[in-house]
>>> print(open('input_4.csv').read())   # CSV, C-alpha atoms
chain,number,residue,atom,x,y,z
A,1,MET,CA,-45.9,-24.3,-3.6
A,2,MET,CA,-45.2,-23.3,-7.2
A,3,HIS,CA,-47.8,-22.1,-9.6
A,4,PRO,CA,-47.2,-21.7,-13.4
A,5,ILE,CA,-47.5,-18.3,-14.9
A,6,LYS,CA,-48.6,-18.0,-18.5
A,7,PHE,CA,-46.2,-15.9,-20.6
A,8,ASP,CA,-45.7,-14.8,-24.2
A,9,ILE,CA,-42.7,-13.5,-26.1
A,10,GLN,CA,-43.5,-10.9,-28.8
A,11,ASP,CA,-41.0,-8.7,-30.5
A,12,ASP,CA,-38.3,-9.9,-28.1
A,13,ILE,CA,-40.3,-8.8,-25.1
A,14,VAL,CA,-41.5,-11.2,-22.4
A,15,HIS,CA,-45.1,-10.6,-21.3
A,16,PHE,CA,-46.7,-12.0,-18.1
A,17,MET,CA,-48.6,-11.1,-15.0
A,18,VAL,CA,-47.2,-10.7,-11.5
A,19,ALA,CA,-49.4,-9.6,-8.6
A,20,ASN,CA,-52.2,-8.7,-11.0
A,21,LYS,CA,-49.9,-6.3,-12.9
A,22,LYS,CA,-48.8,-6.7,-16.5
A,23,VAL,CA,-45.0,-7.1,-16.9
A,24,ALA,CA,-43.3,-6.5,-20.2
A,25,ILE,CA,-39.5,-6.9,-20.1
A,26,SER,CA,-36.7,-7.9,-22.4
A,27,PRO,CA,-35.1,-11.3,-21.8
A,28,ALA,CA,-31.8,-9.6,-21.2
A,29,ALA,CA,-33.2,-7.4,-18.4
A,30,LEU,CA,-35.0,-10.4,-17.0
A,31,ARG,CA,-31.8,-12.4,-16.9
A,32,ASP,CA,-29.8,-9.5,-15.6
A,33,GLY,CA,-32.0,-9.2,-12.6
A,34,CYS,CA,-31.5,-12.8,-11.5
A,35,ARG,CA,-31.0,-13.2,-7.8
A,36,CYS,CA,-30.0,-16.8,-7.7
A,37,ALA,CA,-26.9,-17.7,-5.6
A,38,ASP,CA,-24.8,-18.3,-8.8
A,39,CYS,CA,-25.6,-14.8,-10.2
A,40,TYR,CA,-25.9,-12.6,-7.1
A,41,ASN,CA,-24.0,-12.3,-3.9
A,42,ALA,CA,-26.6,-11.2,-1.3
A,43,LYS,CA,-23.9,-10.3,1.3
A,44,SER,CA,-22.1,-7.8,-0.9
A,45,ASN,CA,-25.1,-6.9,-3.0
A,46,GLU,CA,-23.0,-7.6,-6.2
A,47,ARG,CA,-23.6,-9.5,-9.3
A,48,GLN,CA,-21.4,-12.5,-9.9
A,49,HIS,CA,-21.5,-12.4,-13.7
A,50,LEU,CA,-21.8,-9.8,-16.4
A,51,LEU,CA,-24.8,-9.9,-18.6
A,52,VAL,CA,-22.6,-10.4,-21.7
A,53,GLU,CA,-21.6,-13.7,-20.2
A,54,ALA,CA,-25.1,-15.1,-20.6
A,55,PRO,CA,-26.1,-16.6,-24.0
A,56,TYR,CA,-27.6,-13.7,-26.0
A,57,ASP,CA,-30.3,-16.0,-27.4
A,58,ALA,CA,-31.4,-17.5,-24.1
A,59,ARG,CA,-35.2,-17.3,-23.6
A,60,PRO,CA,-37.5,-18.3,-20.8
A,61,VAL,CA,-39.1,-21.8,-21.2
A,62,SER,CA,-41.2,-21.7,-18.0
A,63,ILE,CA,-42.1,-19.1,-15.4
A,64,ASN,CA,-43.5,-20.2,-12.0
A,65,GLU,CA,-44.6,-18.3,-8.9
A,66,THR,CA,-44.1,-19.1,-5.3
A,67,ASP,CA,-45.3,-17.1,-2.3
A,68,GLU,CA,-42.1,-15.1,-2.3
A,69,ASN,CA,-40.4,-15.4,-5.7
A,70,ILE,CA,-40.7,-15.9,-9.4
A,71,ILE,CA,-38.7,-18.8,-10.8
A,72,ILE,CA,-37.7,-18.7,-14.4
A,73,LYS,CA,-36.2,-21.6,-16.3
A,74,TRP,CA,-34.2,-20.7,-19.3
A,75,SER,CA,-33.4,-22.4,-22.6
A,76,ASP,CA,-29.7,-22.7,-21.5
A,77,HIS,CA,-30.9,-24.6,-18.4
A,78,HIS,CA,-30.2,-21.7,-16.0
A,79,GLU,CA,-32.8,-21.1,-13.3
A,80,SER,CA,-33.4,-17.4,-12.3
A,81,ASN,CA,-34.9,-16.3,-9.0
A,82,HIS,CA,-36.7,-12.9,-8.9
A,83,TYR,CA,-38.5,-11.1,-6.1
A,84,HIS,CA,-42.2,-10.2,-6.9
A,85,ASP,CA,-41.6,-6.5,-6.3
A,86,ASP,CA,-38.5,-6.4,-8.6
A,87,LEU,CA,-40.6,-7.7,-11.5
A,88,SER,CA,-43.8,-5.9,-10.9
A,89,ASN,CA,-42.1,-2.5,-10.4
A,90,ASN,CA,-39.6,-2.7,-13.3
A,91,ASP,CA,-41.4,-3.4,-16.5
A,92,LEU,CA,-41.8,-1.3,-19.6
A,93,PHE,CA,-45.1,0.2,-18.4
A,94,GLY,CA,-47.1,-1.7,-21.1
A,95,ILE,CA,-45.4,0.1,-23.9
A,96,ASP,CA,-45.7,-1.7,-27.2
A,97,THR,CA,-42.8,-1.6,-29.6
A,98,VAL,CA,-41.9,1.8,-30.9
A,99,ASP,CA,-40.5,2.6,-34.3
A,100,ARG,CA,-37.2,4.4,-34.1
A,101,VAL,CA,-37.1,7.7,-35.8
A,102,GLU,CA,-34.1,9.1,-37.7
A,103,TRP,CA,-33.2,12.6,-36.4
A,104,PRO,CA,-34.0,15.4,-38.7
A,105,ARG,CA,-31.2,17.8,-39.7
A,106,VAL,CA,-32.2,20.2,-37.0
A,107,PHE,CA,-33.2,18.1,-34.0
A,108,GLN,CA,-34.4,19.1,-30.5
A,109,PRO,CA,-34.9,16.2,-28.2
A,110,PRO,CA,-38.4,15.9,-26.7
A,111,ALA,CA,-38.5,17.3,-23.1
A,112,HIS,CA,-40.4,15.9,-20.2
A,113,ASP,CA,-41.0,17.3,-16.8
A,114,TRP,CA,-39.6,15.2,-13.9
A,115,ASN,CA,-42.7,15.7,-11.7
A,116,GLY,CA,-44.9,14.4,-14.4
A,117,ILE,CA,-42.7,11.4,-15.2
A,118,TYR,CA,-42.5,10.5,-11.5
A,119,SER,CA,-46.2,11.0,-10.6
A,120,ALA,CA,-48.3,10.1,-13.7
A,121,PRO,CA,-48.0,6.7,-15.3
A,122,ASN,CA,-49.2,8.1,-18.7
A,123,GLN,CA,-46.3,10.7,-18.6
A,124,THR,CA,-43.9,8.0,-17.7
A,125,LYS,CA,-45.0,6.0,-20.7
A,126,ALA,CA,-44.7,9.0,-23.0
A,127,PHE,CA,-41.1,9.6,-21.7
A,128,ILE,CA,-40.1,6.0,-22.2
A,129,ALA,CA,-41.7,5.9,-25.7
A,130,ASP,CA,-39.9,9.1,-26.7
A,131,PHE,CA,-36.6,7.7,-25.4
A,132,LEU,CA,-37.1,4.4,-27.3
A,133,ARG,CA,-38.2,6.3,-30.4
A,134,PHE,CA,-35.4,8.9,-30.5
A,135,GLY,CA,-32.7,7.4,-28.3
A,136,ILE,CA,-32.6,10.6,-26.2
A,137,THR,CA,-34.9,12.8,-24.2
A,138,LYS,CA,-34.5,15.8,-21.9
A,139,VAL,CA,-35.8,15.7,-18.4
A,140,THR,CA,-36.5,19.1,-16.9
A,141,GLY,CA,-37.1,20.1,-13.3
A,142,CYS,CA,-34.9,17.3,-11.8
A,143,PRO,CA,-33.9,17.5,-8.1
A,144,ILE,CA,-30.1,17.9,-7.6
A,145,GLU,CA,-30.0,15.7,-4.6
A,146,ASP,CA,-27.4,13.0,-4.2
A,147,LYS,CA,-28.5,9.6,-5.5
A,148,PHE,CA,-31.4,11.1,-7.4
A,149,VAL,CA,-30.3,9.7,-10.8
A,150,GLU,CA,-30.3,6.1,-9.3
A,151,GLN,CA,-33.7,6.7,-7.8
A,152,PHE,CA,-35.1,8.0,-11.1
A,153,ALA,CA,-33.5,5.0,-13.0
A,154,ASN,CA,-35.2,2.6,-10.6
A,155,HIS,CA,-38.5,4.3,-11.4
A,156,ILE,CA,-38.2,3.7,-15.2
A,157,SER,CA,-36.2,0.5,-15.3
A,158,CYS,CA,-33.7,-1.7,-13.5
A,159,VAL,CA,-30.4,-0.2,-12.3
A,160,ARG,CA,-27.5,-2.3,-13.6
A,161,GLU,CA,-24.6,-2.2,-11.2
A,162,ILE,CA,-21.1,-1.7,-12.6
A,163,ALA,CA,-18.0,-3.5,-11.7
A,164,PHE,CA,-16.4,-0.8,-9.5
A,165,ASP,CA,-19.4,0.7,-7.7
A,166,ARG,CA,-23.2,0.4,-7.5
A,167,VAL,CA,-23.8,2.9,-10.3
A,168,ALA,CA,-21.7,5.4,-12.2
A,169,ASN,CA,-21.2,8.8,-10.6
A,170,ILE,CA,-23.8,10.8,-12.4
A,171,ILE,CA,-25.3,14.1,-11.2
A,172,THR,CA,-28.0,16.3,-12.2
A,173,LYS,CA,-27.5,20.0,-12.9
A,174,PRO,CA,-30.2,22.8,-12.6
A,175,ASP,CA,-31.8,23.9,-15.8
>>> encode(input="input_4.csv", output="structure tokens")
Amino acid sequence: MMHPIKFDIQDDIVHFMVANKKVAISPAALRDGCRCADCYNAKSNERQHLLVEAPYDARPVSINETDENIIIKWSDHHESNHYHDDLSNNDLFGIDTVDRVEWPRVFQPPAHDWNGIYSAPNQTKAFIADFLRFGITKVTGCPIEDKFVEQFANHISCVREIAFDRVANIITKPD
């Protein structure tokens, strides 16, 4: 049985609630995470389309919830299917819009400790806000284990698979 979800679009961010958690996500990220059969191959775990192929101005016109999924109808008549956990875990942590700052002549990117980002929501918010504000941040104390970057990216956003592999081959180096 489907139940409508109230949503609002402010400053090009879609706001709604899933599982009693606020979700704030861009329409592009919402569309990019679609798991419908036309957009996603569940057997190969690959996307069928690139995000740039979707209309840039497409916006949700309705959001409905079932026991298992979130169904989003779009202004271009596409219907997205999302898992509850995907949306409730991959939002912008309630961060309001952040004004971008021009770098001063001598600029040192803000630094954030990995342990804090990973374990404290307020530090995760501060990291994301600085990244949005400056376009760059430094993360210190990162593990150097294989697949860490992908795990970290999933913590702060959605991982966008690339055409040739799940993610780009990125590694972390000790400080």
>>> closest_residue(input="input_4.csv", among="A:Ile25, A:Val101, A:Val61, A:Ile117", to="Phe134 of chain A", atoms="all atoms listed in the file")
A:Val101
>>> closest_residue(input="input_4.csv", among="A:Asp113, A:Asp86, A:Asp12, A:Asp57", to="Trp74 of chain A", atoms="only C-alpha atoms")
A:Asp57
>>> atom_distance(input="input_4.csv", atom1="atom CA of Pro27 of chain A", atom2="atom CA of Arg100 of chain A")
20.1 Å
>>> closest_residue(input="input_4.csv", among="A:Ser44, A:Met1, A:Pro143, A:Ser157", to="Asp32 of chain A", atoms="all atoms listed in the file")
A:Ser157
>>> residues_around(input="input_4.csv", residues="Asp67 of chain A", least_positions_apart="3", cutoff="10 Å", atoms="all atoms listed in the file", output="list in words")
Met1, Met2, His3, Ile70, Tyr83 and His84 of chain A
>>> write_last_selection(input="input_4.csv", atoms="C-alpha atoms", output="short mmCIF file (atom, residue, chain, number, x, y, z; two decimals), in the frame of the given file")
data_model
loop_
_atom_site.label_atom_id
_atom_site.label_comp_id
_atom_site.auth_asym_id
_atom_site.auth_seq_id
_atom_site.Cartn_x
_atom_site.Cartn_y
_atom_site.Cartn_z
CA MET A 1 -45.90 -24.30 -3.60
CA MET A 2 -45.20 -23.30 -7.20
CA HIS A 3 -47.80 -22.10 -9.60
CA ILE A 70 -40.70 -15.90 -9.40
CA TYR A 83 -38.50 -11.10 -6.10
CA HIS A 84 -42.20 -10.20 -6.90
#
>>> closest_residue(input="input_4.csv", among="A:Tyr118, A:Asp130, A:Ala111, A:Ser26", to="Gln151 of chain A", atoms="all atoms listed in the file")
A:Tyr118
>>> closest_residue(input="input_4.csv", among="A:Glu68, A:Glu150, A:Glu145, A:Glu102", to="Leu87 of chain A", atoms="only C-alpha atoms")
A:Glu68
>>> atom_distance(input="input_4.csv", atom1="atom CA of Arg59 of chain A", atom2="atom CA of Val18 of chain A")
18.3 Å
>>> closest_residue(input="input_4.csv", among="A:Ala42, A:Ile63, A:Ala28, A:Val139", to="Thr124 of chain A", atoms="all atoms listed in the file")
A:Val139
>>> atom_distance(input="input_4.csv", atom1="atom CA of Ser62 of chain A", atom2="atom CA of Pro4 of chain A")
7.6 Å
>>> residues_around(input="input_4.csv", residues="Asp38 of chain A", least_positions_apart="2", cutoff="12 Å", atoms="all atoms listed in the file", output="list of chain:residue names")
A:Cys34, A:Arg35, A:Cys36, A:Tyr40, A:Asn41, A:Ala42, A:Glu46, A:Arg47, A:Gln48, A:His49, A:Leu50, A:His78, A:Glu79, A:Ser80, A:Asn81
>>> residues_around(input="input_4.csv", residues="His15 of chain A", least_positions_apart="5", cutoff="9 Å", atoms="only C-alpha atoms", output="ChimeraX atom specification")
/A:6-10,22-26
>>> write_last_selection(input="input_4.csv", atoms="C-alpha atoms", output="PDB file, in the coordinates of the input")
ATOM      1  CA  LYS A   6     -48.600 -18.000 -18.500  1.00  0.00           C
ATOM      2  CA  PHE A   7     -46.200 -15.900 -20.600  1.00  0.00           C
ATOM      3  CA  ASP A   8     -45.700 -14.800 -24.200  1.00  0.00           C
ATOM      4  CA  ILE A   9     -42.700 -13.500 -26.100  1.00  0.00           C
ATOM      5  CA  GLN A  10     -43.500 -10.900 -28.800  1.00  0.00           C
ATOM      6  CA  LYS A  22     -48.800  -6.700 -16.500  1.00  0.00           C
ATOM      7  CA  VAL A  23     -45.000  -7.100 -16.900  1.00  0.00           C
ATOM      8  CA  ALA A  24     -43.300  -6.500 -20.200  1.00  0.00           C
ATOM      9  CA  ILE A  25     -39.500  -6.900 -20.100  1.00  0.00           C
ATOM     10  CA  SER A  26     -36.700  -7.900 -22.400  1.00  0.00           C
TER      11      SER A  26
END
>>> decode(input="input_4.csv", residues="segment 35-66 of chain A", atoms="N, CA, C and O atoms", output="PDB file, in the first residue's frame")
ATOM      1  N   ARG A  35      16.637   3.131  -8.642  1.00  0.00           N
ATOM      2  CA  ARG A  35      16.861   1.690  -8.758  1.00  0.00           C
ATOM      3  C   ARG A  35      15.767   1.012  -9.590  1.00  0.00           C
ATOM      4  O   ARG A  35      15.557  -0.189  -9.466  1.00  0.00           O
ATOM      5  N   CYS A  36      15.084   1.767 -10.448  1.00  0.00           N
ATOM      6  CA  CYS A  36      14.074   1.132 -11.300  1.00  0.00           C
ATOM      7  C   CYS A  36      14.777   0.267 -12.353  1.00  0.00           C
ATOM      8  O   CYS A  36      15.967   0.429 -12.617  1.00  0.00           O
ATOM      9  N   ALA A  37      14.043  -0.648 -12.965  1.00  0.00           N
ATOM     10  CA  ALA A  37      14.623  -1.584 -13.933  1.00  0.00           C
ATOM     11  C   ALA A  37      15.209  -0.873 -15.155  1.00  0.00           C
ATOM     12  O   ALA A  37      16.162  -1.374 -15.760  1.00  0.00           O
ATOM     13  N   ASP A  38      14.667   0.286 -15.527  1.00  0.00           N
ATOM     14  CA  ASP A  38      15.208   1.024 -16.674  1.00  0.00           C
ATOM     15  C   ASP A  38      16.542   1.691 -16.359  1.00  0.00           C
ATOM     16  O   ASP A  38      17.369   1.883 -17.236  1.00  0.00           O
ATOM     17  N   CYS A  39      16.744   2.067 -15.093  1.00  0.00           N
ATOM     18  CA  CYS A  39      17.947   2.818 -14.718  1.00  0.00           C
ATOM     19  C   CYS A  39      19.046   1.953 -14.100  1.00  0.00           C
ATOM     20  O   CYS A  39      20.208   2.344 -14.096  1.00  0.00           O
ATOM     21  N   TYR A  40      18.671   0.790 -13.558  1.00  0.00           N
ATOM     22  CA  TYR A  40      19.630   0.023 -12.767  1.00  0.00           C
ATOM     23  C   TYR A  40      19.506  -1.463 -13.080  1.00  0.00           C
ATOM     24  O   TYR A  40      18.413  -2.023 -13.071  1.00  0.00           O
ATOM     25  N   ASN A  41      20.656  -2.089 -13.334  1.00  0.00           N
ATOM     26  CA  ASN A  41      20.693  -3.526 -13.572  1.00  0.00           C
ATOM     27  C   ASN A  41      21.075  -4.207 -12.262  1.00  0.00           C
ATOM     28  O   ASN A  41      22.235  -4.168 -11.841  1.00  0.00           O
ATOM     29  N   ALA A  42      20.107  -4.832 -11.618  1.00  0.00           N
ATOM     30  CA  ALA A  42      20.349  -5.437 -10.301  1.00  0.00           C
ATOM     31  C   ALA A  42      21.313  -6.615 -10.378  1.00  0.00           C
ATOM     32  O   ALA A  42      22.028  -6.895  -9.425  1.00  0.00           O
ATOM     33  N   LYS A  43      21.360  -7.319 -11.518  1.00  0.00           N
ATOM     34  CA  LYS A  43      22.262  -8.470 -11.638  1.00  0.00           C
ATOM     35  C   LYS A  43      23.725  -8.047 -11.706  1.00  0.00           C
ATOM     36  O   LYS A  43      24.592  -8.658 -11.106  1.00  0.00           O
ATOM     37  N   SER A  44      24.014  -6.992 -12.468  1.00  0.00           N
ATOM     38  CA  SER A  44      25.407  -6.552 -12.633  1.00  0.00           C
ATOM     39  C   SER A  44      25.767  -5.410 -11.688  1.00  0.00           C
ATOM     40  O   SER A  44      26.912  -4.989 -11.632  1.00  0.00           O
ATOM     41  N   ASN A  45      24.753  -4.882 -10.964  1.00  0.00           N
ATOM     42  CA  ASN A  45      24.965  -3.758 -10.052  1.00  0.00           C
ATOM     43  C   ASN A  45      25.472  -2.512 -10.797  1.00  0.00           C
ATOM     44  O   ASN A  45      26.259  -1.741 -10.278  1.00  0.00           O
ATOM     45  N   GLU A  46      25.000  -2.322 -12.018  1.00  0.00           N
ATOM     46  CA  GLU A  46      25.434  -1.189 -12.843  1.00  0.00           C
ATOM     47  C   GLU A  46      24.253  -0.298 -13.187  1.00  0.00           C
ATOM     48  O   GLU A  46      23.131  -0.772 -13.350  1.00  0.00           O
ATOM     49  N   ARG A  47      24.542   0.965 -13.348  1.00  0.00           N
ATOM     50  CA  ARG A  47      23.522   1.896 -13.836  1.00  0.00           C
ATOM     51  C   ARG A  47      23.404   1.735 -15.350  1.00  0.00           C
ATOM     52  O   ARG A  47      24.392   1.497 -16.040  1.00  0.00           O
ATOM     53  N   GLN A  48      22.205   1.909 -15.832  1.00  0.00           N
ATOM     54  CA  GLN A  48      21.948   1.761 -17.263  1.00  0.00           C
ATOM     55  C   GLN A  48      22.113   3.078 -18.017  1.00  0.00           C
ATOM     56  O   GLN A  48      22.235   3.076 -19.225  1.00  0.00           O
ATOM     57  N   HIS A  49      22.057   4.189 -17.306  1.00  0.00           N
ATOM     58  CA  HIS A  49      22.136   5.521 -17.926  1.00  0.00           C
ATOM     59  C   HIS A  49      23.098   6.388 -17.127  1.00  0.00           C
ATOM     60  O   HIS A  49      23.291   6.182 -15.940  1.00  0.00           O
ATOM     61  N   LEU A  50      23.636   7.384 -17.769  1.00  0.00           N
ATOM     62  CA  LEU A  50      24.434   8.380 -17.078  1.00  0.00           C
ATOM     63  C   LEU A  50      23.507   9.491 -16.597  1.00  0.00           C
ATOM     64  O   LEU A  50      22.490   9.789 -17.234  1.00  0.00           O
ATOM     65  N   LEU A  51      23.853  10.124 -15.499  1.00  0.00           N
ATOM     66  CA  LEU A  51      23.028  11.192 -14.957  1.00  0.00           C
ATOM     67  C   LEU A  51      22.824  12.313 -15.971  1.00  0.00           C
ATOM     68  O   LEU A  51      21.753  12.909 -16.040  1.00  0.00           O
ATOM     69  N   VAL A  52      23.831  12.589 -16.787  1.00  0.00           N
ATOM     70  CA  VAL A  52      23.710  13.679 -17.762  1.00  0.00           C
ATOM     71  C   VAL A  52      22.643  13.399 -18.809  1.00  0.00           C
ATOM     72  O   VAL A  52      22.222  14.308 -19.523  1.00  0.00           O
ATOM     73  N   GLU A  53      22.187  12.160 -18.913  1.00  0.00           N
ATOM     74  CA  GLU A  53      21.136  11.827 -19.878  1.00  0.00           C
ATOM     75  C   GLU A  53      19.746  12.209 -19.368  1.00  0.00           C
ATOM     76  O   GLU A  53      18.811  12.301 -20.138  1.00  0.00           O
ATOM     77  N   ALA A  54      19.607  12.443 -18.072  1.00  0.00           N
ATOM     78  CA  ALA A  54      18.320  12.852 -17.504  1.00  0.00           C
ATOM     79  C   ALA A  54      18.149  14.357 -17.702  1.00  0.00           C
ATOM     80  O   ALA A  54      19.123  15.105 -17.680  1.00  0.00           O
ATOM     81  N   PRO A  55      16.922  14.818 -17.907  1.00  0.00           N
ATOM     82  CA  PRO A  55      16.709  16.269 -18.049  1.00  0.00           C
ATOM     83  C   PRO A  55      17.196  17.009 -16.807  1.00  0.00           C
ATOM     84  O   PRO A  55      16.848  16.641 -15.688  1.00  0.00           O
ATOM     85  N   TYR A  56      18.000  18.033 -17.002  1.00  0.00           N
ATOM     86  CA  TYR A  56      18.586  18.758 -15.868  1.00  0.00           C
ATOM     87  C   TYR A  56      17.538  19.472 -15.028  1.00  0.00           C
ATOM     88  O   TYR A  56      17.743  19.734 -13.850  1.00  0.00           O
ATOM     89  N   ASP A  57      16.396  19.789 -15.625  1.00  0.00           N
ATOM     90  CA  ASP A  57      15.377  20.531 -14.892  1.00  0.00           C
ATOM     91  C   ASP A  57      14.264  19.635 -14.346  1.00  0.00           C
ATOM     92  O   ASP A  57      13.266  20.127 -13.828  1.00  0.00           O
ATOM     93  N   ALA A  58      14.421  18.312 -14.424  1.00  0.00           N
ATOM     94  CA  ALA A  58      13.400  17.404 -13.893  1.00  0.00           C
ATOM     95  C   ALA A  58      13.330  17.545 -12.377  1.00  0.00           C
ATOM     96  O   ALA A  58      14.355  17.619 -11.699  1.00  0.00           O
ATOM     97  N   ARG A  59      12.106  17.604 -11.861  1.00  0.00           N
ATOM     98  CA  ARG A  59      11.883  17.739 -10.424  1.00  0.00           C
ATOM     99  C   ARG A  59      10.809  16.742 -10.002  1.00  0.00           C
ATOM    100  O   ARG A  59       9.922  16.401 -10.767  1.00  0.00           O
ATOM    101  N   PRO A  60      10.851  16.297  -8.737  1.00  0.00           N
ATOM    102  CA  PRO A  60       9.788  15.409  -8.255  1.00  0.00           C
ATOM    103  C   PRO A  60       8.434  16.110  -8.282  1.00  0.00           C
ATOM    104  O   PRO A  60       8.343  17.293  -7.956  1.00  0.00           O
ATOM    105  N   VAL A  61       7.399  15.382  -8.685  1.00  0.00           N
ATOM    106  CA  VAL A  61       6.034  15.914  -8.611  1.00  0.00           C
ATOM    107  C   VAL A  61       5.236  15.184  -7.530  1.00  0.00           C
ATOM    108  O   VAL A  61       4.253  15.706  -7.035  1.00  0.00           O
ATOM    109  N   SER A  62       5.674  13.964  -7.180  1.00  0.00           N
ATOM    110  CA  SER A  62       5.069  13.265  -6.045  1.00  0.00           C
ATOM    111  C   SER A  62       6.074  12.273  -5.477  1.00  0.00           C
ATOM    112  O   SER A  62       6.940  11.761  -6.197  1.00  0.00           O
ATOM    113  N   ILE A  63       5.969  12.047  -4.173  1.00  0.00           N
ATOM    114  CA  ILE A  63       6.803  11.061  -3.483  1.00  0.00           C
ATOM    115  C   ILE A  63       5.861  10.212  -2.645  1.00  0.00           C
ATOM    116  O   ILE A  63       5.063  10.740  -1.870  1.00  0.00           O
ATOM    117  N   ASN A  64       5.941   8.881  -2.841  1.00  0.00           N
ATOM    118  CA  ASN A  64       5.096   7.950  -2.105  1.00  0.00           C
ATOM    119  C   ASN A  64       5.952   6.874  -1.467  1.00  0.00           C
ATOM    120  O   ASN A  64       7.023   6.527  -1.974  1.00  0.00           O
ATOM    121  N   GLU A  65       5.445   6.331  -0.361  1.00  0.00           N
ATOM    122  CA  GLU A  65       6.179   5.315   0.387  1.00  0.00           C
ATOM    123  C   GLU A  65       5.386   4.019   0.402  1.00  0.00           C
ATOM    124  O   GLU A  65       4.179   4.022   0.606  1.00  0.00           O
ATOM    125  N   THR A  66       6.076   2.896   0.171  1.00  0.00           N
ATOM    126  CA  THR A  66       5.499   1.573   0.376  1.00  0.00           C
ATOM    127  C   THR A  66       6.237   0.955   1.565  1.00  0.00           C
ATOM    128  O   THR A  66       7.113   1.580   2.153  1.00  0.00           O
TER     129      THR A  66
END
